[in-house]
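**Student:** Below is one structure. I have some questions about it.
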Amino acid sequence: MSKEKDDFIARSKQFWNPGKTSDWQRMGVDLVIDRREAYYLWDVDGRRLIDVHLNGGTYSLGHRNPEVVEAVREGMAYFDIGNHHFPSIMRTHVAEMLERLTPPGLKRTIFASGGAEAIDIALKSARNATKRRKIICIERCYHGHTGLAVQVGDDRFSKLFLSEASNENVVKVPFNDLERMLEAIAVGDAACVIMETIPATYGFPMPKPGYLKAIKAACEKVGTLYIADEVQTGLMRTGEMWGIETYGVNPDILVTGKGLSGGIYPIAAVVVSEKAGQWLSEDGFGHMSSFGGAELGCLAAAKVLEICSRPETRSQVHYISAYLANGLRQVQANYPDFFTGIRQRGVVMGLEFNHDQGAVYVMKHLYQNGVWAIFSTLDKRVLQFKPGLLIDREMCDEILTRLDTSVALAQAELFGGRARSYMTSSKPSYSRQSAA
């Protein structure tokens, strides 16, 4: 590490976040992001990394996507943030797009400046609509760090700030435990069930067949609303516009964020049914957000929605999902005792390793080998592996080659022995049988 970079990291510890900066260093990551473009980012030392973390899907269309950049740049000649109190050309335009592109029954959009604020809005809307206070959520989940959002997430994030929810107001059940979930819903006193369609920070465990549909059906019987947190699984990442659609569920409330911004201007949105949004007619001033639905953010969101809804985007996601699945199976076969599982729906992926810190070590070696991916905070056995929507076959091959090398190095570091890659060349030709 250069003296200049070393000095900068020391200043970051002094003036920004000493805990986080030190933790990254202990894990072997000294990244200070400088230039970024498409699916690449560069360290201040000039080293290039392929980004398959994408900040939770914020950069699904790539860093500084030229179409999104141009839409915002052109708009700045006319728009600014806008005034959240009044009707807005761009907010209305994006709300109309979301009504058209979200599952049937969702009618109106409430805007936020970020995903956690949007979750708070969703929970407040459910409470208003049902006149109930209780919320059912999943253990080991994550919905953000604001007031209500942090209460329905894992205690890892709430206890630090003395923000745990009371047992009377929030019921947490294990993911994929349908019996426990149905028991909690059947009591009939919950405003809503809130779920990430595929829990990201828990390492993307996949819902069992019929699990989500059964939850929605149980909610309908007792008047409990279903909130789909699509912040990380929406916008074509699963191969359809919304992950919840791939499970045949029409939610009462859908939350989107991160990638909606195009990585250019913060924006998030809550799309609600008539019932869930009834407070908008009752008291439209009930929730206010100075930067929620900023008109410049709406310019970015409109372009993101347009790109994601293109048939060619969907086709590309399906192609690279199959191609990567095939390549990942080949890599896994090289290290079957260490690389033990692949969780995948579209380009939403979690790679499982047979060590309680396995993903941390794989992350470190990927970083050293030019790929940035991140471990799952609530299950460090699992690496979050989230390629962009628009990557091509050549980049897939490069990612797979570097992953193979990194898994070999991580396995050797954890379990001893000589690290070796089973790949016979630096540019392997992965079989396209399942990608056709």
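Identifiers in this document derive from the order of the structure tokens: chains are assigned A, B, ..., residues are numbered from 1 separately in each chain, and ligands are numbered from 1 in order of occurrence.
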Mind dumping a table of every segment 293-372 of chain A residue within 9 Å of segment 198-216 of chain A, with the nearest atom pair and its distance in Å to one decimal, using only C-alpha atoms, sorted by chain and rising number, as a Markdown table?
**Tutor:**
```
| residue | atom | partner | partner_atom | distance |
| --- | --- | --- | --- | --- |
| A:Arg343 | CA | A:Pro205 | CA | 6.6 |
| A:Gln344 | CA | A:Met206 | CA | 7.6 |
| A:Arg345 | CA | A:Met206 | CA | 8.0 |
| A:Val348 | CA | A:Phe204 | CA | 7.5 |
| A:Met349 | CA | A:Phe204 | CA | 6.6 |
| A:Gly350 | CA | A:Gly203 | CA | 5.5 |
| A:Leu351 | CA | A:Gly203 | CA | 8.0 |
| A:Glu352 | CA | A:Gly203 | CA | 8.4 |
```
**Student:** Those residues you just picked out, can you put them in a file as a short mmCIF file (atom, residue, chain, number, x, y, z; two decimals), in the first residue's frame with C-alpha atoms?
**Tutor:**
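Wrote it out as out00.cif, contents follow:
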```
data_model
loop_
_atom_site.label_atom_id
_atom_site.label_comp_id
_atom_site.auth_asym_id
_atom_site.auth_seq_id
_atom_site.Cartn_x
_atom_site.Cartn_y
_atom_site.Cartn_z
CA ARG A 343 -28.06 -20.44 -4.28
CA GLN A 344 -29.36 -18.73 -7.40
CA ARG A 345 -32.34 -17.01 -8.93
CA VAL A 348 -29.05 -13.06 -7.40
CA MET A 349 -26.58 -15.61 -6.04
CA GLY A 350 -25.13 -16.83 -2.76
CA LEU A 351 -22.10 -19.13 -2.77
CA GLU A 352 -21.84 -21.41 0.28
#
```
**Student:** Can you pull out every residue from segment 83-275 of chain A that DSSP, working from the backbone, puts in strand (DSSP E), and format the result as number ranges by chain?
**Tutor:** A: 106-112, 134-138, 170-173, 190-196, 225-229, 253-256, 268-273
**Student:** Could you write out the selected residues, including C-alpha atoms, as a compact mmCIF listing (two decimals), in the first residue's frame?
**Tutor:**
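Here's the written file again.txt:
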```txt
# COMPACT_ATOMS: atom_id res chain seq x y z
CA LEU A 106 -50.73 -1.98 -6.85
CA LYS A 107 -52.02 1.49 -7.64
CA ARG A 108 -50.18 4.41 -6.06
CA THR A 109 -46.57 5.27 -5.34
CA ILE A 110 -45.10 6.97 -2.27
CA PHE A 111 -41.54 8.13 -2.77
CA ALA A 112 -38.60 8.05 -0.36
CA LYS A 134 -48.22 -6.03 15.22
CA ILE A 135 -45.72 -6.85 12.46
CA ILE A 136 -44.55 -10.35 11.47
CA CYS A 137 -41.08 -10.64 9.96
CA ILE A 138 -38.26 -13.11 9.48
CA VAL A 170 -42.92 -7.52 16.32
CA VAL A 171 -43.00 -11.31 15.90
CA LYS A 172 -39.99 -12.94 14.24
CA VAL A 173 -40.11 -16.44 12.76
CA ALA A 190 -50.95 -8.55 12.63
CA ALA A 191 -50.96 -5.52 10.36
CA CYS A 192 -48.58 -7.14 7.93
CA VAL A 193 -45.99 -9.72 7.08
CA ILE A 194 -42.84 -8.12 5.69
CA MET A 195 -40.33 -10.22 3.79
CA GLU A 196 -37.39 -9.83 1.51
CA LEU A 225 -51.17 -7.23 4.39
CA TYR A 226 -48.16 -8.71 2.59
CA ILE A 227 -45.15 -6.41 2.07
CA ALA A 228 -42.58 -7.52 -0.49
CA ASP A 229 -39.17 -5.94 0.13
CA ILE A 253 -47.21 -3.34 -0.86
CA LEU A 254 -43.95 -3.48 -2.83
CA VAL A 255 -40.78 -1.61 -1.87
CA THR A 256 -38.03 -0.81 -4.36
CA ALA A 268 -36.77 4.68 -3.46
CA ALA A 269 -40.46 3.95 -3.79
CA VAL A 270 -43.36 2.18 -2.08
CA VAL A 271 -46.09 0.98 -4.41
CA VAL A 272 -49.36 0.28 -2.58
CA SER A 273 -52.77 -1.23 -3.17
```
**Student:** Which residues, written as a list in words, have at least one atom at most 10 Å from Asp155 of chain A, with only C-alpha atoms counted and residues fewer than 4 positions away on the same chain left out?
**Tutor:**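 Close residues of Asp155 of chain A: Glu139, Arg140, Cys141, Tyr142, Val150, Gln151, Lys159, Leu160, Leu162, Ser163, Glu164 and Ala165 of chain A.
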**Student:** Given only C-alpha atoms as the basis, pick out the residue of A:Asp30, A:Glu96, A:Asp189, A:Glu306 nearest to Ser2 of chain A.
**Tutor:** A:Asp30
**Student:** Can you pull out every residue within 9 Å of Leu61 of chain A, counting only C-alpha atoms, but drop anything in the same chain fewer than 5 positions away, and send it as a list of chain:residue names?
**Tutor:**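 Once the nearby chain positions are removed, what remains is A:Ala38, A:Tyr39, A:Gly259, A:Gly262, A:Gly263, A:Val304, A:Ile307, A:Cys308, A:Gly388, A:Leu389, A:Leu390, A:Ile391.
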**Student:** Residues within 8 Å of Val222 of chain A, please, as JSON, numbers by chain. Count only C-alpha atoms; anything in the same chain fewer than 5 positions from it doesn't count.
**Tutor:** {"A": [185, 186, 188]}
**Student:** Take the residues that were just selected and, keeping N, CA and C atoms, output them as a compact mmCIF listing (two decimals), in the first residue's frame.
**Tutor:**
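Below you can see result-v5.txt, which holds the result:
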```txt
# COMPACT_ATOMS: atom_id res chain seq x y z
N ILE A 185 -49.57 -15.88 11.70
CA ILE A 185 -50.57 -15.16 10.91
C ILE A 185 -51.98 -15.48 11.40
N ALA A 186 -52.22 -16.74 11.72
CA ALA A 186 -53.57 -17.20 12.06
C ALA A 186 -54.14 -16.51 13.30
N GLY A 188 -54.38 -13.50 13.71
CA GLY A 188 -55.27 -12.50 13.13
C GLY A 188 -55.12 -11.10 13.66
```
**Student:** In Å, how far is it from atom CA of Arg156 of chain A to atom CA of Ala10 of chain A?
**Tutor:**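 A separation of 26.8 Å between them.
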**Student:** If we count only C-alpha atoms, what is near Val69 of chain A at a cut-off of 12 Å, once residues fewer than 3 positions away on the same chain are taken out, given as a ChimeraX atom specification?
**Tutor:** /A:37-38,61-66,72-76,261-265,296-297,299-304
**Student:** Would you mind telling me which residue in A:Leu403, A:Ala325, A:Arg127, A:Gly346 lies nearest to Ala373 of chain A when using only C-alpha atoms?
**Tutor:** A:Leu403
**Student:** In terms of the shortest atom-to-atom distance over only C-alpha atoms, which of A:Thr401, A:Gln330, A:Thr58, A:Thr340 is closest to Val382 of chain A?
**Tutor:** A:Thr340
**Student:** How far is it from atom CA of Asn326 of chain A to atom CA of Thr405 of chain A, in Å with one decimal?
**Tutor:** 17.0 Å
